[in-house]
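Chemist: This is the structure, below, for whatever I ask next.
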Amino acid sequence: MNAQIEKTAAAADEAGKSIPMNMIQSINSGLDVMLGRDPNCLIFGEDVGYFGGVFRATEGLQKKHGLNRCFDAPINECGIIGSAIGMAAYGLRPIVEIQFADYIYPGYDQIVSEAARIRYRSAGDFTVPMTIRTPYGGGIFGGQTHSQSPEALFTHIAGMKTVIPSNPYDAKGLLIAAIESDDPVVIFEPKRLYNGPFDGYPDKPVTPWQKVEGNLVPEGYYTVPLGKARIAREGADCTILAYGTMVHVAIASAEAVGVDAEVVDLRSLAPLDIETIEASVKKTGRCVIVHEATRTSGFGAELSALVQEHCFYHLEAPIERVTGWDTPYPHAFEWEYFPGPKRVGAALKRVMED
Amino acid sequence: MARTPAKPAANATAAKAASAKKPAAKAPATAKKAAAGKSEGNGWPDKGQLLDWYRHMLLIRRFEERAGQLYGMGLIGGFCHLYIGQEAIAVGMQSVKKTGDQVITGYRDHGHMLAAGMDPKEVMAELTGRAAGSAHGKGGSMHMFDVQAGFYGGHGIVGGQVPLGAGLAFANRYRDNKAVSFTYFGDGAANQGQVYEAFNMAELWKLPVVFIIENNQYAMGTSVERASAETHLHKRGISFGIPGEEVDGMDVQAVAEAGAKAAEYARSGKGPYILEMKTYRYRGHSMSDPAKYRTREEVDEVRKTRDPIDHLREKMEAMGATDEEAMKAIDAEVKKIVADAAEFARTAPEPDPSELYTDVYAEA
């Protein structure tokens, strides 16, 4: 997964040595690199300073870069995001952590009405180069307020960018690209993937990222451009559109039912790499969309509409969506709600029958 | 927290825009500093300062009256919140603002923009949705910005600008630039939770911000008494340790003096300061408000006894500083500026349809 970017000698030099990292370590490394490179960058959020973050993503950064570069905020998500917008409008590049994506709603007004809109209503005179990092998604028995996938609420906001990595290399590269973007970006980090890939079989022990073959992350600076999807698995029979945790579930599901699926890891939902999606679906003629979020008005609905618009005459079967149920995220029925290999496999079989 | 030694370059976009834009055709001369304008001995400002305040307040009043007319003629659509009655606040505070200080406010923003030195033509053309408007016609009444004026909007969501004001103040402290963020909001916004999130962070981090509450006594149609458990809004900072005081917001000199004190407090690193400006808006909340929640007599009484422009005129008479000739010249000058702005806003072309998609994102 690390050979996606053609590296010039200079870029390779900046990227430095590659080593195995888990997703927390790669995010920490990305933050560290940017604090070192750009004095405009600063990090704040709940518990990110002294404590190093509830998932340890900012561990050691306050000690290394100082109290005014990485610091704790009160528990007030609206105030955190709102003040970051003010800093960004002045020219800083704040990176804020919202401890769980489920906590982002008090700041939603600030994101919609201020962050995403200031550029438009100042005719380009002011930008908001703010990055919001937030762990999202299920599979951790968090119940309804620690498991949600609210990405569709953000792709619906013109002016915002929405990014979701599926592996440590992308998590760092996309993070650096987001920090350097002059637009506000929200990065949803699949917390089920922090320590290792998860293919949807809850009883299987987790393989740490450090032991995953080919999982190497450069220690230095590199970017993964926003708006470029990645082919996570090449295949000929069917296209699976996925992001975050579901990329791993999609690959495992295809292999379990013996369908030669091409898995497209979107990486960035807005901007969306429609070209890669279109090329894959036109090649395979079939499309399954997988996400953890609830079904109605989920991002899958947008993807389904786009595939229909772009690939209608190439489709051999109706587009399938495999998603969370239209319920609050349940505690007791976690693995029924979670679109695991059983449900994804069944959808693959259905599209192959048509 | 220690101050950062790093002082990076200013916001590249803002800097670029500032250098690219021609200097705004500031109608009236920039207000002088209140402290500097004070004449020796009697504690009264000098005549130049008084005339300058008069000029700015009159410009806002005449501009807003004309905006109301254009609205009535159908040239301005949608929402239009006039500042008439509250002129002394924006003008008095502007006279204590130093280069580099920021102003950020809510949706009743025309007066603040004019006080900050934005070109009346650009503001009026934004109201009529023209390409020459400050946001190319895409922002409208509540949504304008200006780099050179240090004006950070123009925010249509009640209270939404307050955390941003704290963020601007944080940026000042981070860069150690000695600038102050003047963050305005109304008595209605004072009941928004995010205001108190901003208060807490501002005092916790000792941010250089002056929170100015423009208490015009009505949050749309709901009076302060019907919405607020504590109606003395300057006390709202007590539990955070933020000092606050009540100011006669209809007296431009009182505003400037309180503003100078608050700004000095914030600038010296002591943290935020709250000023509650007791004021009154003469017109409805917006153009579509019949204002049935208050009596005609109440409005007339304020106009008759507390009007900020009349008040200043009386003060000048009392101190023997009336200069009828100079004031007549100002009246004529302001009349022409407003007439020109209205004519410009009426005749300037609308934006090209291709503008619809510009400035949504910095990069595709």
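Residues are named by chain letter and number: chains run A, B, ... in the order of the structure tokens, numbers start at 1 in each chain, and ligands are numbered from 1 in the order shown.
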Return as a PDB file with C-alpha atoms, in the first residue's frame the residues belonging to chain A that are within 9 Å of chain B, counting only C-alpha atoms.
Modeler:
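Listing of selection_16.pdb after writing:
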ATOM      1  CA  ASP A  38       5.070  25.022  10.411  1.00  0.00           C
ATOM      2  CA  PRO A  39       4.936  27.424  13.363  1.00  0.00           C
ATOM      3  CA  ASN A  40       1.333  28.241  12.376  1.00  0.00           C
ATOM      4  CA  GLY A  66       5.682  23.185  24.189  1.00  0.00           C
ATOM      5  CA  LEU A  67       2.545  24.228  25.979  1.00  0.00           C
ATOM      6  CA  ASN A  68       1.383  26.680  23.377  1.00  0.00           C
ATOM      7  CA  ARG A  69       1.615  24.235  20.466  1.00  0.00           C
ATOM      8  CA  PHE A  71      -2.684  22.036  24.846  1.00  0.00           C
ATOM      9  CA  ALA A  73      -9.171  22.621  26.060  1.00  0.00           C
ATOM     10  CA  PRO A  74     -12.211  22.581  28.313  1.00  0.00           C
ATOM     11  CA  ILE A  75     -14.952  20.103  27.383  1.00  0.00           C
ATOM     12  CA  ASN A  76     -16.742  22.441  24.985  1.00  0.00           C
ATOM     13  CA  GLU A  77     -16.729  21.203  21.411  1.00  0.00           C
ATOM     14  CA  CYS A  78     -18.537  24.245  20.052  1.00  0.00           C
ATOM     15  CA  GLY A  79     -16.006  26.532  21.697  1.00  0.00           C
ATOM     16  CA  ILE A  80     -13.075  24.410  20.526  1.00  0.00           C
ATOM     17  CA  ILE A  81     -14.184  24.408  16.906  1.00  0.00           C
ATOM     18  CA  GLY A  82     -15.401  28.021  16.997  1.00  0.00           C
ATOM     19  CA  SER A  83     -12.165  29.368  18.435  1.00  0.00           C
ATOM     20  CA  ALA A  84     -10.152  27.274  15.971  1.00  0.00           C
ATOM     21  CA  ILE A  85     -12.105  28.933  13.144  1.00  0.00           C
ATOM     22  CA  GLY A  86     -11.136  32.355  14.504  1.00  0.00           C
ATOM     23  CA  MET A  87      -7.483  31.307  14.696  1.00  0.00           C
ATOM     24  CA  ALA A  88      -7.620  29.915  11.169  1.00  0.00           C
ATOM     25  CA  ALA A  89      -9.290  33.027   9.757  1.00  0.00           C
ATOM     26  CA  TYR A  90      -6.310  34.944  11.148  1.00  0.00           C
ATOM     27  CA  GLY A  91      -3.799  32.641   9.447  1.00  0.00           C
ATOM     28  CA  LEU A  92      -2.976  29.913  11.952  1.00  0.00           C
ATOM     29  CA  ASP A 109     -23.265  24.844  13.775  1.00  0.00           C
ATOM     30  CA  GLN A 110     -19.755  26.289  13.799  1.00  0.00           C
ATOM     31  CA  SER A 113     -22.304  28.164   9.365  1.00  0.00           C
ATOM     32  CA  GLU A 114     -18.780  29.457   9.923  1.00  0.00           C
ATOM     33  CA  ALA A 116     -17.384  26.032   5.581  1.00  0.00           C
ATOM     34  CA  ARG A 117     -18.862  29.371   4.641  1.00  0.00           C
ATOM     35  CA  ILE A 118     -16.391  32.119   5.458  1.00  0.00           C
ATOM     36  CA  ARG A 119     -14.502  31.752   2.200  1.00  0.00           C
ATOM     37  CA  TYR A 120     -17.672  32.163   0.136  1.00  0.00           C
ATOM     38  CA  ARG A 121     -18.996  35.128   2.023  1.00  0.00           C
ATOM     39  CA  SER A 122     -15.668  36.939   2.017  1.00  0.00           C
ATOM     40  CA  ALA A 123     -15.203  36.359  -1.716  1.00  0.00           C
ATOM     41  CA  GLY A 124     -12.008  34.437  -1.045  1.00  0.00           C
ATOM     42  CA  ASP A 125     -10.385  37.031   1.228  1.00  0.00           C
ATOM     43  CA  PHE A 126     -10.520  34.752   4.276  1.00  0.00           C
ATOM     44  CA  THR A 127      -9.999  31.010   4.437  1.00  0.00           C
ATOM     45  CA  ALA A 158     -20.446  22.737   0.608  1.00  0.00           C
ATOM     46  CA  GLY A 159     -17.101  24.151   1.667  1.00  0.00           C
ATOM     47  CA  MET A 160     -16.050  21.225   3.905  1.00  0.00           C
ATOM     48  CA  LYS A 161     -13.754  18.373   2.996  1.00  0.00           C
ATOM     49  CA  SER A 181      -5.159  22.457   2.755  1.00  0.00           C
ATOM     50  CA  ASP A 182      -6.511  25.999   2.888  1.00  0.00           C
ATOM     51  CA  ASP A 183      -9.998  24.545   3.303  1.00  0.00           C
ATOM     52  CA  PRO A 184     -11.512  23.176   6.512  1.00  0.00           C
ATOM     53  CA  GLY A 227      -9.676  13.447  -3.455  1.00  0.00           C
ATOM     54  CA  PRO A 271     -13.756  15.812  -2.757  1.00  0.00           C
TER      55      PRO A 271
END
Chemist: Please list as a list in words every residue within 9 Å of Ser147 in chain A, counting only C-alpha atoms and excluding residues in the same chain fewer than 4 positions away.
Modeler: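 So, after excluding close chain neighbours, the residues are Phe100, Ala101, Asp102, Tyr136, Gly137, Gly138, Gly139, Ile140, Phe141, Gly142, Gly143 and Tyr329 of chain A.
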Chemist: Can you pull out the residues contacting Gly324 in chain A? Cut-off 10 Å, using only C-alpha atoms, and skip same-chain residues under 2 positions away; I want them as a PyMOL selection string.
Modeler: chain A and resi 138+148-149+290-296+298+321-322+326-329+334-340
Chemist: Could you tell me, as number ranges by chain, which residues of range 159-200 of chain B DSSP assigns to strand (DSSP E or B) when given the backbone?
Modeler: B: 181-186
Chemist: Which residues are close to range 75-80 of chain B, i.e. within 9 Å by only C-alpha atoms, leaving aside same-chain residues fewer than 6 positions away? Reply as a list of chain:residue names.
Modeler: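 My list of contacting residues is B:Ala67, B:Gly68, B:Gln69, B:Tyr107, B:Arg108, B:Leu127, B:Thr128, B:Gly129, B:Gly140, B:Ser141, B:Met142, B:His285, B:Ser286, B:Met287, B:Ser288, B:Ala345, B:Arg346.
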Chemist: One decimal, in Å: what's the spacing between CA of Tyr54 in chain B and CA of Pro120 in chain B?
Modeler: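 CA of Pro120 in chain B lies 16.7 Å from CA of Tyr54 in chain B.
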Chemist: Please, what distance in Å, to one decimal, runs between CA of Glu64 in chain B and CA of Glu301 in chain B?
Modeler: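 Between these atoms lies a distance of 20.7 Å.
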Chemist: Identify all residues of range 2-249 of chain B in helix (DSSP H, G or I) (DSSP on the backbone) and supply them as a PyMOL selection string.
Modeler: chain B and resi 12-20+34-37+47-72+87-94+110-115+120-127+161-175+189-191+193-204+224-227+233-240
Chemist: Would you list the contacts of range 59-62 of chain A as a PyMOL selection string, taking every protein, DNA or RNA residue within 9 Å and counting only C-alpha atoms, but skipping same-chain residues closer than 3 positions in sequence?
Modeler: chain A and resi 28+31-32+35+48-53+55-56+65-71
Chemist: Please produce an output containing N, CA and C atoms for each residue in the selection, written as a CSV table (one decimal), in the first residue's frame.
Modeler:
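Once everything was written out, this is again.csv:
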chain,number,residue,atom,x,y,z
A,28,ASN,N,0.2,10.3,15.2
A,28,ASN,CA,1.1,11.1,16.1
A,28,ASN,C,2.3,11.6,15.3
A,31,LEU,N,1.4,14.6,13.1
A,31,LEU,CA,1.2,15.8,13.9
A,31,LEU,C,2.6,16.4,14.3
A,32,ASP,N,3.4,15.5,14.7
A,32,ASP,CA,4.8,15.9,15.1
A,32,ASP,C,5.5,16.5,13.9
A,35,LEU,N,4.0,20.0,13.3
A,35,LEU,CA,4.4,21.0,14.4
A,35,LEU,C,5.8,21.5,14.2
A,48,VAL,N,-5.8,16.5,25.1
A,48,VAL,CA,-4.7,16.2,24.1
A,48,VAL,C,-3.3,16.6,24.6
A,49,GLY,N,-3.3,17.5,25.6
A,49,GLY,CA,-2.0,18.1,26.0
A,49,GLY,C,-1.3,17.2,27.0
A,50,TYR,N,-1.5,17.4,28.2
A,50,TYR,CA,-0.8,16.8,29.3
A,50,TYR,C,-1.0,15.2,29.3
A,51,PHE,N,-2.3,14.8,29.0
A,51,PHE,CA,-2.6,13.4,29.0
A,51,PHE,C,-2.2,12.7,27.7
A,52,GLY,N,-2.1,13.4,26.6
A,52,GLY,CA,-1.7,12.8,25.3
A,52,GLY,C,-2.8,12.3,24.5
A,53,GLY,N,-4.1,12.6,24.9
A,53,GLY,CA,-5.2,12.1,24.1
A,53,GLY,C,-5.8,10.8,24.6
A,55,PHE,N,-7.0,8.4,23.0
A,55,PHE,CA,-6.4,7.3,22.2
A,55,PHE,C,-4.9,7.4,22.0
A,56,ARG,N,-4.3,8.3,22.7
A,56,ARG,CA,-2.8,8.6,22.7
A,56,ARG,C,-2.3,9.1,21.4
A,65,HIS,N,7.0,19.9,21.9
A,65,HIS,CA,6.8,21.2,21.2
A,65,HIS,C,6.3,22.4,22.0
A,66,GLY,N,6.0,22.1,23.3
A,66,GLY,CA,5.7,23.2,24.2
A,66,GLY,C,4.2,23.3,24.4
A,67,LEU,N,3.9,24.1,25.5
A,67,LEU,CA,2.5,24.2,26.0
A,67,LEU,C,1.7,25.0,25.0
A,68,ASN,N,2.2,25.9,24.2
A,68,ASN,CA,1.4,26.7,23.4
A,68,ASN,C,1.2,26.1,22.0
A,69,ARG,N,1.8,24.9,21.8
A,69,ARG,CA,1.6,24.2,20.5
A,69,ARG,C,0.7,23.0,20.6
A,70,CYS,N,0.5,22.5,21.8
A,70,CYS,CA,-0.3,21.3,22.0
A,70,CYS,C,-0.9,21.4,23.4
A,71,PHE,N,-2.2,21.7,23.5
A,71,PHE,CA,-2.7,22.0,24.8
A,71,PHE,C,-4.1,21.6,25.0
Chemist: Fewer than 6 positions away in the same chain doesn't count, so skip those; otherwise give me all residues within 6 Å of Phe182 in chain B, counting only C-alpha atoms, as a list of chain:residue names.
Modeler: B:Gln102, B:Val103, B:Val209, B:Val210
Chemist: From the options A:Met130, A:Leu303, A:Ala152, A:Cys238, which residue's atoms come nearest to Lys283 in chain A, counting only C-alpha atoms?
Modeler: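 Ranking A:Met130, A:Leu303, A:Ala152, A:Cys238 by distance to Lys283 in chain A, first place goes to A:Cys238.
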Chemist: For range 165-168 of chain A, find every residue with an atom within 6 Å (counting only C-alpha atoms), except residues of its own chain fewer than 5 positions away, and show them as a list in words.
Modeler: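 Final neighbour list, sorted by chain and number: Asn22, Met23, Ser26, Gly244 and Arg267 of chain A.
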Chemist: Can you write out the residues you just picked, keeping all heavy atoms, as a PDB file, in the first residue's frame?
Modeler:
ATOM      1  N   ASN A  22       1.490   1.567  13.942  1.00  0.00           N
ATOM      2  CA  ASN A  22       0.034   1.435  13.947  1.00  0.00           C
ATOM      3  C   ASN A  22      -0.576   2.792  13.607  1.00  0.00           C
ATOM      4  O   ASN A  22       0.146   3.777  13.393  1.00  0.00           O
ATOM      5  CB  ASN A  22      -0.491   0.840  15.262  1.00  0.00           C
ATOM      6  CG  ASN A  22      -0.279   1.758  16.452  1.00  0.00           C
ATOM      7  OD1 ASN A  22      -0.206   2.976  16.303  1.00  0.00           O
ATOM      8  ND2 ASN A  22      -0.189   1.177  17.638  1.00  0.00           N
ATOM      9  N   MET A  23      -1.902   2.869  13.551  1.00  0.00           N
ATOM     10  CA  MET A  23      -2.520   4.105  13.060  1.00  0.00           C
ATOM     11  C   MET A  23      -2.359   5.254  14.053  1.00  0.00           C
ATOM     12  O   MET A  23      -2.208   6.413  13.647  1.00  0.00           O
ATOM     13  CB  MET A  23      -3.998   3.870  12.723  1.00  0.00           C
ATOM     14  CG  MET A  23      -4.521   4.917  11.750  1.00  0.00           C
ATOM     15  SD  MET A  23      -6.280   4.786  11.405  1.00  0.00           S
ATOM     16  CE  MET A  23      -6.297   3.544  10.146  1.00  0.00           C
ATOM     17  N   SER A  26       1.145   6.553  13.519  1.00  0.00           N
ATOM     18  CA  SER A  26       1.329   7.304  12.269  1.00  0.00           C
ATOM     19  C   SER A  26       0.667   8.676  12.364  1.00  0.00           C
ATOM     20  O   SER A  26       1.194   9.661  11.844  1.00  0.00           O
ATOM     21  CB  SER A  26       0.814   6.505  11.068  1.00  0.00           C
ATOM     22  OG  SER A  26      -0.591   6.557  10.977  1.00  0.00           O
ATOM     23  N   GLY A 244     -12.706   3.511   5.341  1.00  0.00           N
ATOM     24  CA  GLY A 244     -12.481   3.220   6.765  1.00  0.00           C
ATOM     25  C   GLY A 244     -12.432   1.726   7.022  1.00  0.00           C
ATOM     26  O   GLY A 244     -11.904   0.948   6.229  1.00  0.00           O
ATOM     27  N   ARG A 267     -11.034   6.864   0.543  1.00  0.00           N
ATOM     28  CA  ARG A 267     -10.094   7.724   1.279  1.00  0.00           C
ATOM     29  C   ARG A 267     -10.627   9.137   1.538  1.00  0.00           C
ATOM     30  O   ARG A 267     -10.426   9.695   2.598  1.00  0.00           O
ATOM     31  CB  ARG A 267      -8.738   7.829   0.566  1.00  0.00           C
ATOM     32  CG  ARG A 267      -8.025   6.508   0.449  1.00  0.00           C
ATOM     33  CD  ARG A 267      -6.546   6.689   0.260  1.00  0.00           C
ATOM     34  NE  ARG A 267      -6.200   7.154  -1.063  1.00  0.00           N
ATOM     35  CZ  ARG A 267      -4.986   7.040  -1.591  1.00  0.00           C
ATOM     36  NH1 ARG A 267      -4.004   6.485  -0.885  1.00  0.00           N
ATOM     37  NH2 ARG A 267      -4.743   7.478  -2.779  1.00  0.00           N
TER      38      ARG A 267
END
